[in-house]
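Below is one structure, written out as structure tokens; comments come after it.
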Amino acid sequence: GRQMFLYNSRMRKVILHMDGDSFFVSCEVAKNPRLRGLAVVTGEDRGIVTAASYEAKALGVTRGMPIFKLKKEFPKVLVLPGDYQSYIDFSRKMFDIVRRYTEDVEEYSIDECFADLTGWDKPFKMSYLEIAEKIKREITGELDLSISVGLAPTKVLAKVASKWQKPNGLTVIEEKDVSKFLPQTSIESIW
């Protein structure tokens, strides 16, 4: 249910981890919505796939695949050059939205960050879960980007949570539920 530790002010820490879903491709779709639902990759300029839409991934396309190989094996996949300046702009706007809810934002890569929400439930008169949902809604609504979010008592668990349901997920790992999540998570995928 929704009555979780996130409502509990005695909670030591509440960390949000936000991760863009196929970020470079998501930015391209936000700029050109006609690409939505298509098998698209970026990386033409670099000679390797730098990001792939979920439709391309479903065909078997992987990040790092050489573009010449991709064009031979998957001729229907649309290949775009990277537009890194626009990805940086989207990234900055995404993190600015997170900073509406806490100053304590650690940018971890171009499309992911950690944010310490501890204590912000009271001033916003919202549960931590509601704050996370609002951040997600605002990023999707204002930037047309898909992101996955995790909420947990530590950064490591928040990162496990954000990967739990991709794309477009929001997963909460409470302290008492750690034993449900970790046995189903391979040690290689723990940050």
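Here, A, B, ... name the chains of the structure tokens in the order displayed, residue numbers run from 1 inside each chain, and ligands are numbered from 1 in the same displayed order.
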Could you produce a table of the residues of segment 122-178 of chain A lying within 12 Å of segment 33-48 of chain A, with the nearest pair of atoms per residue and their separation in Å rounded to one decimal, using only C-alpha atoms, ordered by chain and increasing residue number, as JSON lines?
```
{"residue": "A:Leu143", "atom": "CA", "partner": "A:Pro33", "partner_atom": "CA", "distance": 11.8}
{"residue": "A:Asp144", "atom": "CA", "partner": "A:Pro33", "partner_atom": "CA", "distance": 9.1}
{"residue": "A:Leu145", "atom": "CA", "partner": "A:Pro33", "partner_atom": "CA", "distance": 10.9}
{"residue": "A:Ser146", "atom": "CA", "partner": "A:Arg36", "partner_atom": "CA", "distance": 11.5}
```
Dump of C-alpha atoms for the selected residues, as a short mmCIF file (atom, residue, chain, number, x, y, z; two decimals), in the first residue's frame:
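again_19.cif written:
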```cif
data_model
loop_
_atom_site.label_atom_id
_atom_site.label_comp_id
_atom_site.auth_asym_id
_atom_site.auth_seq_id
_atom_site.Cartn_x
_atom_site.Cartn_y
_atom_site.Cartn_z
CA LEU A 143 10.53 17.95 -20.91
CA ASP A 144 8.68 14.97 -22.44
CA LEU A 145 11.34 12.61 -21.06
CA SER A 146 10.84 9.18 -19.55
#
```
Query raised in the report: Residues at most 6 Å from segment 171-178 of chain A, counting only C-alpha atoms, excluding those fewer than 5 positions away in the same chain, as a list of chain:residue names?
Result: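 Here the qualifying residues turn out to be A:Gly150, A:Leu151, A:Ala152, A:Ala161.
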Report task. Run DSSP on the backbone of this structure and report the residues of segment 36-184 of chain A it assigns to strand (DSSP E), as a PyMOL selection string. Result -> chain A and resi 40-42+51-52+78-80+105-109+112-116+147-152+170-172
Take the residues just selected and output them with N, CA and C atoms as a tab-separated table (two decimals), in the first residue's frame.
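Resulting contents of selection12.tsv:
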```tsv
chain	number	residue	atom	x	y	z
A	40	VAL	N	14.96	3.25	-32.76
A	40	VAL	CA	15.87	4.35	-33.02
A	40	VAL	C	17.13	4.16	-32.18
A	41	VAL	N	18.28	4.51	-32.76
A	41	VAL	CA	19.52	4.55	-31.98
A	41	VAL	C	20.23	5.87	-32.26
A	42	THR	N	21.07	6.27	-31.31
A	42	THR	CA	21.98	7.40	-31.54
A	42	THR	C	23.40	6.83	-31.60
A	51	ALA	N	22.95	4.98	-27.58
A	51	ALA	CA	21.68	4.76	-26.87
A	51	ALA	C	20.72	4.11	-27.86
A	52	ALA	N	19.81	3.31	-27.33
A	52	ALA	CA	18.83	2.62	-28.17
A	52	ALA	C	17.46	2.74	-27.53
A	78	LEU	N	16.39	3.13	-37.23
A	78	LEU	CA	16.76	4.50	-37.60
A	78	LEU	C	18.00	4.90	-36.81
A	79	VAL	N	19.03	5.37	-37.51
A	79	VAL	CA	20.30	5.72	-36.87
A	79	VAL	C	20.48	7.24	-36.92
A	80	LEU	N	20.64	7.84	-35.74
A	80	LEU	CA	20.79	9.30	-35.64
A	80	LEU	C	22.16	9.65	-35.10
A	105	VAL	N	21.43	17.84	-4.32
A	105	VAL	CA	21.36	17.00	-5.52
A	105	VAL	C	22.77	16.70	-5.98
A	106	GLU	N	23.07	15.44	-6.13
A	106	GLU	CA	24.39	15.01	-6.61
A	106	GLU	C	24.23	14.48	-8.02
A	107	GLU	N	24.74	15.22	-8.99
A	107	GLU	CA	24.68	14.78	-10.38
A	107	GLU	C	25.71	13.68	-10.55
A	108	TYR	N	25.25	12.52	-10.98
A	108	TYR	CA	26.13	11.36	-11.06
A	108	TYR	C	26.59	11.10	-12.50
A	109	SER	N	25.73	11.37	-13.45
A	109	SER	CA	26.10	11.28	-14.87
A	109	SER	C	25.16	12.22	-15.60
A	112	GLU	N	21.61	10.93	-14.68
A	112	GLU	CA	21.18	10.40	-13.38
A	112	GLU	C	21.73	11.23	-12.23
A	113	CYS	N	20.93	11.26	-11.16
A	113	CYS	CA	21.36	11.98	-9.96
A	113	CYS	C	20.77	11.32	-8.73
A	114	PHE	N	21.39	11.65	-7.61
A	114	PHE	CA	20.87	11.31	-6.29
A	114	PHE	C	20.37	12.61	-5.67
A	115	ALA	N	19.27	12.53	-4.92
A	115	ALA	CA	18.76	13.70	-4.22
A	115	ALA	C	18.34	13.28	-2.82
A	116	ASP	N	18.82	14.01	-1.83
A	116	ASP	CA	18.46	13.72	-0.44
A	116	ASP	C	17.18	14.50	-0.13
A	147	ILE	N	11.67	8.86	-17.31
A	147	ILE	CA	12.70	8.58	-16.30
A	147	ILE	C	12.22	7.47	-15.38
A	148	SER	N	13.17	6.83	-14.73
A	148	SER	CA	12.85	5.85	-13.69
A	148	SER	C	13.42	6.38	-12.38
A	149	VAL	N	12.65	6.15	-11.31
A	149	VAL	CA	12.99	6.74	-10.01
A	149	VAL	C	12.97	5.65	-8.95
A	150	GLY	N	13.93	5.74	-8.04
A	150	GLY	CA	13.96	4.86	-6.88
A	150	GLY	C	14.02	5.69	-5.62
A	151	LEU	N	13.35	5.24	-4.58
A	151	LEU	CA	13.39	5.88	-3.26
A	151	LEU	C	13.81	4.82	-2.25
A	152	ALA	N	14.78	5.17	-1.42
A	152	ALA	CA	15.29	4.19	-0.45
A	152	ALA	C	16.08	4.92	0.63
A	170	LEU	N	8.71	3.73	-10.85
A	170	LEU	CA	8.94	4.38	-9.56
A	170	LEU	C	8.86	3.27	-8.52
A	171	THR	N	9.99	2.96	-7.93
A	171	THR	CA	10.05	1.85	-6.98
A	171	THR	C	10.55	2.36	-5.63
A	172	VAL	N	9.92	1.90	-4.57
A	172	VAL	CA	10.31	2.26	-3.21
A	172	VAL	C	10.86	1.01	-2.54
```
Query raised in the report: as number ranges by chain, which residues of chain A does DSSP assign to alpha helix (DSSP H)?
Result: A: 23-31, 54-59, 67-73, 84-98, 121-124, 128-143, 155-164, 178-181
Counting only C-alpha atoms, give me one row per residue of segment 113-141 of chain A with an atom at most 12 Å from an atom of segment 20-26 of chain A, showing the shortest contact pair and its distance in Å to one decimal, sorted by chain then residue number, as a Markdown table.
```
| residue | atom | partner | partner_atom | distance |
| --- | --- | --- | --- | --- |
| A:Cys113 | CA | A:Gly20 | CA | 9.5 |
| A:Lys136 | CA | A:Gly20 | CA | 10.6 |
| A:Ile139 | CA | A:Gly20 | CA | 10.1 |
| A:Thr140 | CA | A:Gly20 | CA | 10.6 |
```
Take the residues that were just selected and, keeping N, CA, C and O atoms, output them as an mmCIF file, in the first residue's frame.
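The resulting file, out09.cif, is reproduced below:
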```
data_model
loop_
_atom_site.group_PDB
_atom_site.id
_atom_site.type_symbol
_atom_site.label_atom_id
_atom_site.label_comp_id
_atom_site.auth_asym_id
_atom_site.auth_seq_id
_atom_site.Cartn_x
_atom_site.Cartn_y
_atom_site.Cartn_z
ATOM 1 N N CYS A 113 20.934 11.257 -11.156
ATOM 2 C CA CYS A 113 21.359 11.982 -9.965
ATOM 3 C C CYS A 113 20.772 11.323 -8.733
ATOM 4 O O CYS A 113 19.826 10.545 -8.809
ATOM 5 N N LYS A 136 8.737 13.249 -11.032
ATOM 6 C CA LYS A 136 8.580 12.414 -12.230
ATOM 7 C C LYS A 136 7.579 13.042 -13.207
ATOM 8 O O LYS A 136 7.849 13.153 -14.401
ATOM 9 N N ILE A 139 9.057 16.280 -14.830
ATOM 10 C CA ILE A 139 10.074 15.992 -15.854
ATOM 11 C C ILE A 139 9.398 15.480 -17.119
ATOM 12 O O ILE A 139 9.708 15.921 -18.227
ATOM 13 N N THR A 140 8.439 14.580 -16.968
ATOM 14 C CA THR A 140 7.728 14.053 -18.136
ATOM 15 C C THR A 140 6.872 15.140 -18.783
ATOM 16 O O THR A 140 6.897 15.305 -20.005
#
```
Query - Who sits within 7 Å of segment 86-91 of chain A, only C-alpha atoms, same chain under 5 positions skipped, as a PyMOL selection string - result: chain A and resi 24+27+110-111
Can I get the selected residues back with N, CA, C and O atoms, as an mmCIF file, in the first residue's frame?
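The result, stored in selection_32.cif:
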```cif
data_model
loop_
_atom_site.group_PDB
_atom_site.id
_atom_site.type_symbol
_atom_site.label_atom_id
_atom_site.label_comp_id
_atom_site.auth_asym_id
_atom_site.auth_seq_id
_atom_site.Cartn_x
_atom_site.Cartn_y
_atom_site.Cartn_z
ATOM 1 N N PHE A 24 19.658 9.505 -24.419
ATOM 2 C CA PHE A 24 19.920 10.247 -25.662
ATOM 3 C C PHE A 24 18.754 10.087 -26.642
ATOM 4 O O PHE A 24 18.321 11.046 -27.273
ATOM 5 N N CYS A 27 15.761 12.123 -25.534
ATOM 6 C CA CYS A 27 15.923 13.537 -25.914
ATOM 7 C C CYS A 27 15.554 13.730 -27.386
ATOM 8 O O CYS A 27 14.880 14.705 -27.746
ATOM 9 N N ILE A 110 25.256 12.260 -16.917
ATOM 10 C CA ILE A 110 24.434 13.221 -17.673
ATOM 11 C C ILE A 110 22.939 12.987 -17.432
ATOM 12 O O ILE A 110 22.150 13.920 -17.483
ATOM 13 N N ASP A 111 22.553 11.745 -17.126
ATOM 14 C CA ASP A 111 21.115 11.460 -17.000
ATOM 15 C C ASP A 111 20.736 10.841 -15.673
ATOM 16 O O ASP A 111 19.658 10.278 -15.537
#
```
Requested in this report: State, in Å with one decimal place, the distance from atom CA of His17 of chain A to atom CA of Val156 of chain A.
Outcome: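 Calculated distance between atom CA of His17 of chain A and atom CA of Val156 of chain A is 9.1 Å.
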